[in-house]
Amino acid sequence: MRSIQCKVFGHDYKVSRHVTYHVKEYRCSNCKKELTTNSRGNLTELTPKFREINDVLERIHLKRRMRLKDYNKKQSKKLLAAG
Ligand SMILES: [Zn+2]
C-alpha cells in the first residue's frame with residue numbers, strides 16, 4: 001500500500017505546476033494526491049474544476065507576462081533612442 005506512508009508521516013507534496021506567482025499545484029510523491037492553491041490562498045484538493053480554473057489562470061498569466069515583456073522592450077528602445 002503506497003498511501004500507508006502518507007497516513008503515518010503525512011503527504012510528501014512537491015510543486016507539480018506553477019500556474020501564477022501565487023497559485024501552484026502540488027502532487028504527493030507517494031500517493032499522487034493533488035492539491036492546488038485556491039483564490040483565497042488556501043490549499044484545496046485539485047478537482048477537475050480547479051484544474052480548469054488553473055488552465056485559464058495560467059493562460060491569462062502567460063499572456064500578461066508576454067505583454068509586459070513587449071512593453072519593456074518598447075520602453076527600452078525608446079530610452080535608447082532618446083539617450
Ligand atoms: Zn500522499
# chains A, B, ... in the order shown; residues from 1 in each chain; ligands from 1
$ closest_atom_pairs --of "chain A" --to "ligand 1" --cutoff "10 Å" --atoms "only C-alpha atoms and all ligand atoms" --output "Markdown table"
| residue | atom | partner | partner_atom_place_in_ligand_line | distance |
| --- | --- | --- | --- | --- |
| A:Arg2 | CA | ligand 1 | 1 (Zn) | 8.1 |
| A:Ser3 | CA | ligand 1 | 1 (Zn) | 5.7 |
| A:Ile4 | CA | ligand 1 | 1 (Zn) | 8.4 |
| A:Gln5 | CA | ligand 1 | 1 (Zn) | 7.4 |
| A:Cys6 | CA | ligand 1 | 1 (Zn) | 4.5 |
| A:Lys7 | CA | ligand 1 | 1 (Zn) | 7.6 |
| A:Val8 | CA | ligand 1 | 1 (Zn) | 9.9 |
| A:Phe9 | CA | ligand 1 | 1 (Zn) | 9.0 |
| A:Gly10 | CA | ligand 1 | 1 (Zn) | 6.6 |
| A:His11 | CA | ligand 1 | 1 (Zn) | 3.8 |
| A:Asp12 | CA | ligand 1 | 1 (Zn) | 5.9 |
| A:Tyr13 | CA | ligand 1 | 1 (Zn) | 7.3 |
| A:Arg27 | CA | ligand 1 | 1 (Zn) | 8.0 |
| A:Cys28 | CA | ligand 1 | 1 (Zn) | 4.7 |
| A:Ser29 | CA | ligand 1 | 1 (Zn) | 6.6 |
| A:Asn30 | CA | ligand 1 | 1 (Zn) | 4.9 |
| A:Cys31 | CA | ligand 1 | 1 (Zn) | 4.1 |
| A:Lys32 | CA | ligand 1 | 1 (Zn) | 6.1 |
| A:Lys33 | CA | ligand 1 | 1 (Zn) | 5.7 |
| A:Glu34 | CA | ligand 1 | 1 (Zn) | 8.6 |
$ select_by_dssp --residues "chain A" --states "helix (DSSP H, G or I)" --output "PDB file with N, CA and C atoms, in the first residue's frame"
ATOM      1  N   ILE A   4       0.171   4.151   2.855  1.00  0.00           N
ATOM      2  CA  ILE A   4       0.379   3.928   4.294  1.00  0.00           C
ATOM      3  C   ILE A   4       1.440   4.888   4.829  1.00  0.00           C
ATOM      4  N   GLN A   5       2.413   5.186   4.002  1.00  0.00           N
ATOM      5  CA  GLN A   5       3.461   6.133   4.401  1.00  0.00           C
ATOM      6  C   GLN A   5       2.843   7.511   4.661  1.00  0.00           C
ATOM      7  N   CYS A   6       1.879   7.893   3.793  1.00  0.00           N
ATOM      8  CA  CYS A   6       1.210   9.187   3.950  1.00  0.00           C
ATOM      9  C   CYS A   6       0.414   9.221   5.241  1.00  0.00           C
ATOM     10  N   LYS A   7      -0.202   8.071   5.574  1.00  0.00           N
ATOM     11  CA  LYS A   7      -1.012   8.030   6.790  1.00  0.00           C
ATOM     12  C   LYS A   7      -0.132   8.201   8.014  1.00  0.00           C
ATOM     13  N   VAL A   8       1.057   7.628   7.945  1.00  0.00           N
ATOM     14  CA  VAL A   8       1.954   7.666   9.104  1.00  0.00           C
ATOM     15  C   VAL A   8       2.720   8.984   9.151  1.00  0.00           C
ATOM     16  N   PHE A   9       3.331   9.358   8.034  1.00  0.00           N
ATOM     17  CA  PHE A   9       4.227  10.524   8.023  1.00  0.00           C
ATOM     18  C   PHE A   9       3.599  11.778   7.441  1.00  0.00           C
ATOM     19  N   PRO A  48     -11.163  18.371 -10.994  1.00  0.00           N
ATOM     20  CA  PRO A  48     -11.158  18.778 -12.417  1.00  0.00           C
ATOM     21  C   PRO A  48     -11.586  20.222 -12.613  1.00  0.00           C
ATOM     22  N   LYS A  49     -12.505  20.695 -11.745  1.00  0.00           N
ATOM     23  CA  LYS A  49     -12.978  22.080 -11.834  1.00  0.00           C
ATOM     24  C   LYS A  49     -11.826  23.050 -11.556  1.00  0.00           C
ATOM     25  N   PHE A  50     -11.046  22.752 -10.512  1.00  0.00           N
ATOM     26  CA  PHE A  50      -9.922  23.617 -10.176  1.00  0.00           C
ATOM     27  C   PHE A  50      -8.843  23.563 -11.249  1.00  0.00           C
ATOM     28  N   ARG A  51      -8.650  22.370 -11.839  1.00  0.00           N
ATOM     29  CA  ARG A  51      -7.662  22.231 -12.901  1.00  0.00           C
ATOM     30  C   ARG A  51      -8.037  23.135 -14.080  1.00  0.00           C
ATOM     31  N   GLU A  52      -9.350  23.176 -14.368  1.00  0.00           N
ATOM     32  CA  GLU A  52      -9.853  24.022 -15.447  1.00  0.00           C
ATOM     33  C   GLU A  52      -9.575  25.499 -15.139  1.00  0.00           C
ATOM     34  N   ILE A  53      -9.900  25.882 -13.895  1.00  0.00           N
ATOM     35  CA  ILE A  53      -9.659  27.271 -13.474  1.00  0.00           C
ATOM     36  C   ILE A  53      -8.180  27.599 -13.617  1.00  0.00           C
ATOM     37  N   ASN A  54      -7.324  26.680 -13.184  1.00  0.00           N
ATOM     38  CA  ASN A  54      -5.883  26.911 -13.255  1.00  0.00           C
ATOM     39  C   ASN A  54      -5.397  27.033 -14.696  1.00  0.00           C
ATOM     40  N   ASP A  55      -5.981  26.238 -15.591  1.00  0.00           N
ATOM     41  CA  ASP A  55      -5.623  26.344 -17.011  1.00  0.00           C
ATOM     42  C   ASP A  55      -5.889  27.758 -17.520  1.00  0.00           C
ATOM     43  N   VAL A  56      -7.072  28.286 -17.156  1.00  0.00           N
ATOM     44  CA  VAL A  56      -7.438  29.638 -17.580  1.00  0.00           C
ATOM     45  C   VAL A  56      -6.495  30.665 -16.954  1.00  0.00           C
ATOM     46  N   LEU A  57      -6.259  30.508 -15.646  1.00  0.00           N
ATOM     47  CA  LEU A  57      -5.360  31.430 -14.935  1.00  0.00           C
ATOM     48  C   LEU A  57      -3.976  31.429 -15.569  1.00  0.00           C
ATOM     49  N   GLU A  58      -3.486  30.242 -15.897  1.00  0.00           N
ATOM     50  CA  GLU A  58      -2.152  30.112 -16.472  1.00  0.00           C
ATOM     51  C   GLU A  58      -2.081  30.845 -17.805  1.00  0.00           C
ATOM     52  N   ARG A  59      -3.124  30.677 -18.628  1.00  0.00           N
ATOM     53  CA  ARG A  59      -3.161  31.331 -19.938  1.00  0.00           C
ATOM     54  C   ARG A  59      -3.141  32.849 -19.778  1.00  0.00           C
ATOM     55  N   ILE A  60      -3.980  33.365 -18.872  1.00  0.00           N
ATOM     56  CA  ILE A  60      -4.033  34.815 -18.632  1.00  0.00           C
ATOM     57  C   ILE A  60      -2.682  35.311 -18.141  1.00  0.00           C
ATOM     58  N   HIS A  61      -2.101  34.546 -17.215  1.00  0.00           N
ATOM     59  CA  HIS A  61      -0.822  34.916 -16.625  1.00  0.00           C
ATOM     60  C   HIS A  61       0.276  34.987 -17.687  1.00  0.00           C
ATOM     61  N   LEU A  62       0.325  33.989 -18.555  1.00  0.00           N
ATOM     62  CA  LEU A  62       1.335  33.952 -19.609  1.00  0.00           C
ATOM     63  C   LEU A  62       1.165  35.120 -20.561  1.00  0.00           C
ATOM     64  N   LYS A  63      -0.083  35.395 -20.911  1.00  0.00           N
ATOM     65  CA  LYS A  63      -0.381  36.479 -21.848  1.00  0.00           C
ATOM     66  C   LYS A  63       0.075  37.801 -21.253  1.00  0.00           C
ATOM     67  N   ARG A  64      -0.256  37.986 -19.950  1.00  0.00           N
ATOM     68  CA  ARG A  64       0.112  39.215 -19.275  1.00  0.00           C
ATOM     69  C   ARG A  64       1.636  39.372 -19.242  1.00  0.00           C
ATOM     70  N   ARG A  65       2.322  38.262 -18.957  1.00  0.00           N
ATOM     71  CA  ARG A  65       3.773  38.313 -18.878  1.00  0.00           C
ATOM     72  C   ARG A  65       4.388  38.654 -20.221  1.00  0.00           C
ATOM     73  N   MET A  66       3.805  38.080 -21.293  1.00  0.00           N
ATOM     74  CA  MET A  66       4.337  38.348 -22.630  1.00  0.00           C
ATOM     75  C   MET A  66       4.134  39.800 -23.004  1.00  0.00           C
ATOM     76  N   ARG A  67       2.934  40.323 -22.651  1.00  0.00           N
ATOM     77  CA  ARG A  67       2.633  41.713 -22.971  1.00  0.00           C
ATOM     78  C   ARG A  67       3.599  42.638 -22.223  1.00  0.00           C
ATOM     79  N   LEU A  68       3.867  42.298 -20.966  1.00  0.00           N
ATOM     80  CA  LEU A  68       4.774  43.091 -20.146  1.00  0.00           C
ATOM     81  C   LEU A  68       6.176  43.100 -20.753  1.00  0.00           C
ATOM     82  N   LYS A  69       6.615  41.955 -21.226  1.00  0.00           N
ATOM     83  CA  LYS A  69       7.928  41.825 -21.848  1.00  0.00           C
ATOM     84  C   LYS A  69       7.996  42.741 -23.074  1.00  0.00           C
ATOM     85  N   ASP A  70       6.940  42.679 -23.886  1.00  0.00           N
ATOM     86  CA  ASP A  70       6.836  43.509 -25.076  1.00  0.00           C
ATOM     87  C   ASP A  70       6.939  44.978 -24.717  1.00  0.00           C
ATOM     88  N   TYR A  71       6.177  45.347 -23.675  1.00  0.00           N
ATOM     89  CA  TYR A  71       6.145  46.728 -23.221  1.00  0.00           C
ATOM     90  C   TYR A  71       7.538  47.169 -22.790  1.00  0.00           C
ATOM     91  N   ASN A  72       8.208  46.327 -22.017  1.00  0.00           N
ATOM     92  CA  ASN A  72       9.552  46.655 -21.556  1.00  0.00           C
ATOM     93  C   ASN A  72      10.518  46.847 -22.718  1.00  0.00           C
ATOM     94  N   LYS A  73      10.371  45.996 -23.722  1.00  0.00           N
ATOM     95  CA  LYS A  73      11.240  46.081 -24.896  1.00  0.00           C
ATOM     96  C   LYS A  73      11.047  47.429 -25.590  1.00  0.00           C
ATOM     97  N   LYS A  74       9.777  47.807 -25.748  1.00  0.00           N
ATOM     98  CA  LYS A  74       9.474  49.075 -26.402  1.00  0.00           C
ATOM     99  C   LYS A  74      10.011  50.242 -25.588  1.00  0.00           C
ATOM    100  N   GLN A  75       9.826  50.172 -24.275  1.00  0.00           N
ATOM    101  CA  GLN A  75      10.297  51.251 -23.399  1.00  0.00           C
ATOM    102  C   GLN A  75      11.810  51.404 -23.490  1.00  0.00           C
ATOM    103  N   SER A  76      12.525  50.287 -23.487  1.00  0.00           N
ATOM    104  CA  SER A  76      13.978  50.387 -23.506  1.00  0.00           C
ATOM    105  C   SER A  76      14.465  50.901 -24.861  1.00  0.00           C
ATOM    106  N   LYS A  77      13.724  50.549 -25.920  1.00  0.00           N
ATOM    107  CA  LYS A  77      14.090  51.084 -27.231  1.00  0.00           C
ATOM    108  C   LYS A  77      13.929  52.590 -27.257  1.00  0.00           C
ATOM    109  N   LYS A  78      12.794  53.041 -26.660  1.00  0.00           N
ATOM    110  CA  LYS A  78      12.519  54.469 -26.578  1.00  0.00           C
ATOM    111  C   LYS A  78      13.641  55.185 -25.828  1.00  0.00           C
ATOM    112  N   LEU A  79      14.016  54.583 -24.711  1.00  0.00           N
ATOM    113  CA  LEU A  79      15.062  55.170 -23.875  1.00  0.00           C
ATOM    114  C   LEU A  79      16.385  55.247 -24.641  1.00  0.00           C
ATOM    115  N   LEU A  80      16.674  54.163 -25.375  1.00  0.00           N
ATOM    116  CA  LEU A  80      17.916  54.141 -26.157  1.00  0.00           C
ATOM    117  C   LEU A  80      17.904  55.237 -27.214  1.00  0.00           C
ATOM    118  N   ALA A  81      16.718  55.382 -27.874  1.00  0.00           N
ATOM    119  CA  ALA A  81      16.608  56.374 -28.947  1.00  0.00           C
ATOM    120  C   ALA A  81      16.741  57.777 -28.367  1.00  0.00           C
ATOM    121  N   ALA A  82      16.177  57.980 -27.158  1.00  0.00           N
ATOM    122  CA  ALA A  82      16.214  59.295 -26.524  1.00  0.00           C
ATOM    123  C   ALA A  82      17.620  59.615 -26.005  1.00  0.00           C
TER     124      ALA A  82
END
$ atom_distance --atom1 "CA of Thr20 in chain A" --atom2 "CA of Thr44 in chain A"
16.0 Å
$ select_by_dssp --residues "chain A" --states "strand (DSSP E)" --output "list in words"
Tyr13, Lys14, Val15, Ser16, Arg17, His18, Lys24, Glu25, Tyr26, Arg27, Cys28, Glu34, Leu35, Thr36, Thr37, Leu43, Thr44 and Glu45 of chain A
$ write_last_selection --atoms "N, CA and C atoms" --output "PDB file, in the first residue's frame"
ATOM      1  N   TYR A  13       4.245  16.490  -0.431  1.00  0.00           N
ATOM      2  CA  TYR A  13       3.835  17.298  -1.573  1.00  0.00           C
ATOM      3  C   TYR A  13       5.001  18.001  -2.251  1.00  0.00           C
ATOM      4  N   LYS A  14       5.029  17.896  -3.581  1.00  0.00           N
ATOM      5  CA  LYS A  14       6.017  18.614  -4.385  1.00  0.00           C
ATOM      6  C   LYS A  14       5.248  19.494  -5.373  1.00  0.00           C
ATOM      7  N   VAL A  15       5.794  20.653  -5.716  1.00  0.00           N
ATOM      8  CA  VAL A  15       5.129  21.523  -6.685  1.00  0.00           C
ATOM      9  C   VAL A  15       5.139  20.828  -8.044  1.00  0.00           C
ATOM     10  N   SER A  16       3.974  20.639  -8.648  1.00  0.00           N
ATOM     11  CA  SER A  16       3.897  19.974  -9.940  1.00  0.00           C
ATOM     12  C   SER A  16       3.665  20.964 -11.070  1.00  0.00           C
ATOM     13  N   ARG A  17       3.165  22.140 -10.742  1.00  0.00           N
ATOM     14  CA  ARG A  17       2.943  23.149 -11.779  1.00  0.00           C
ATOM     15  C   ARG A  17       2.864  24.538 -11.156  1.00  0.00           C
ATOM     16  N   HIS A  18       3.560  25.489 -11.760  1.00  0.00           N
ATOM     17  CA  HIS A  18       3.439  26.889 -11.361  1.00  0.00           C
ATOM     18  C   HIS A  18       2.380  27.503 -12.256  1.00  0.00           C
ATOM     19  N   LYS A  24      -0.170  27.536  -7.239  1.00  0.00           N
ATOM     20  CA  LYS A  24       0.640  26.390  -7.651  1.00  0.00           C
ATOM     21  C   LYS A  24      -0.167  25.117  -7.473  1.00  0.00           C
ATOM     22  N   GLU A  25       0.243  24.080  -8.193  1.00  0.00           N
ATOM     23  CA  GLU A  25      -0.348  22.768  -7.989  1.00  0.00           C
ATOM     24  C   GLU A  25       0.703  21.877  -7.344  1.00  0.00           C
ATOM     25  N   TYR A  26       0.250  21.038  -6.436  1.00  0.00           N
ATOM     26  CA  TYR A  26       1.160  20.153  -5.708  1.00  0.00           C
ATOM     27  C   TYR A  26       0.725  18.708  -5.883  1.00  0.00           C
ATOM     28  N   ARG A  27       1.697  17.797  -5.939  1.00  0.00           N
ATOM     29  CA  ARG A  27       1.366  16.381  -6.014  1.00  0.00           C
ATOM     30  C   ARG A  27       2.184  15.642  -4.967  1.00  0.00           C
ATOM     31  N   CYS A  28       1.523  14.728  -4.246  1.00  0.00           N
ATOM     32  CA  CYS A  28       2.218  13.905  -3.270  1.00  0.00           C
ATOM     33  C   CYS A  28       3.027  12.856  -4.021  1.00  0.00           C
ATOM     34  N   GLU A  34      -3.383  15.251  -5.306  1.00  0.00           N
ATOM     35  CA  GLU A  34      -3.023  16.583  -5.799  1.00  0.00           C
ATOM     36  C   GLU A  34      -3.775  17.683  -5.062  1.00  0.00           C
ATOM     37  N   LEU A  35      -3.065  18.770  -4.825  1.00  0.00           N
ATOM     38  CA  LEU A  35      -3.641  19.948  -4.180  1.00  0.00           C
ATOM     39  C   LEU A  35      -3.382  21.158  -5.064  1.00  0.00           C
ATOM     40  N   THR A  36      -4.146  22.211  -4.842  1.00  0.00           N
ATOM     41  CA  THR A  36      -3.864  23.476  -5.521  1.00  0.00           C
ATOM     42  C   THR A  36      -4.163  24.628  -4.580  1.00  0.00           C
ATOM     43  N   THR A  37      -3.636  25.789  -4.875  1.00  0.00           N
ATOM     44  CA  THR A  37      -3.948  26.989  -4.127  1.00  0.00           C
ATOM     45  C   THR A  37      -5.251  27.543  -4.693  1.00  0.00           C
ATOM     46  N   LEU A  43      -4.865  25.912   0.549  1.00  0.00           N
ATOM     47  CA  LEU A  43      -4.696  24.695  -0.227  1.00  0.00           C
ATOM     48  C   LEU A  43      -5.998  23.912  -0.234  1.00  0.00           C
ATOM     49  N   THR A  44      -6.328  23.385  -1.399  1.00  0.00           N
ATOM     50  CA  THR A  44      -7.540  22.608  -1.537  1.00  0.00           C
ATOM     51  C   THR A  44      -7.283  21.468  -2.514  1.00  0.00           C
ATOM     52  N   GLU A  45      -8.128  20.446  -2.473  1.00  0.00           N
ATOM     53  CA  GLU A  45      -7.943  19.307  -3.360  1.00  0.00           C
ATOM     54  C   GLU A  45      -8.072  19.740  -4.823  1.00  0.00           C
TER      55      GLU A  45
END
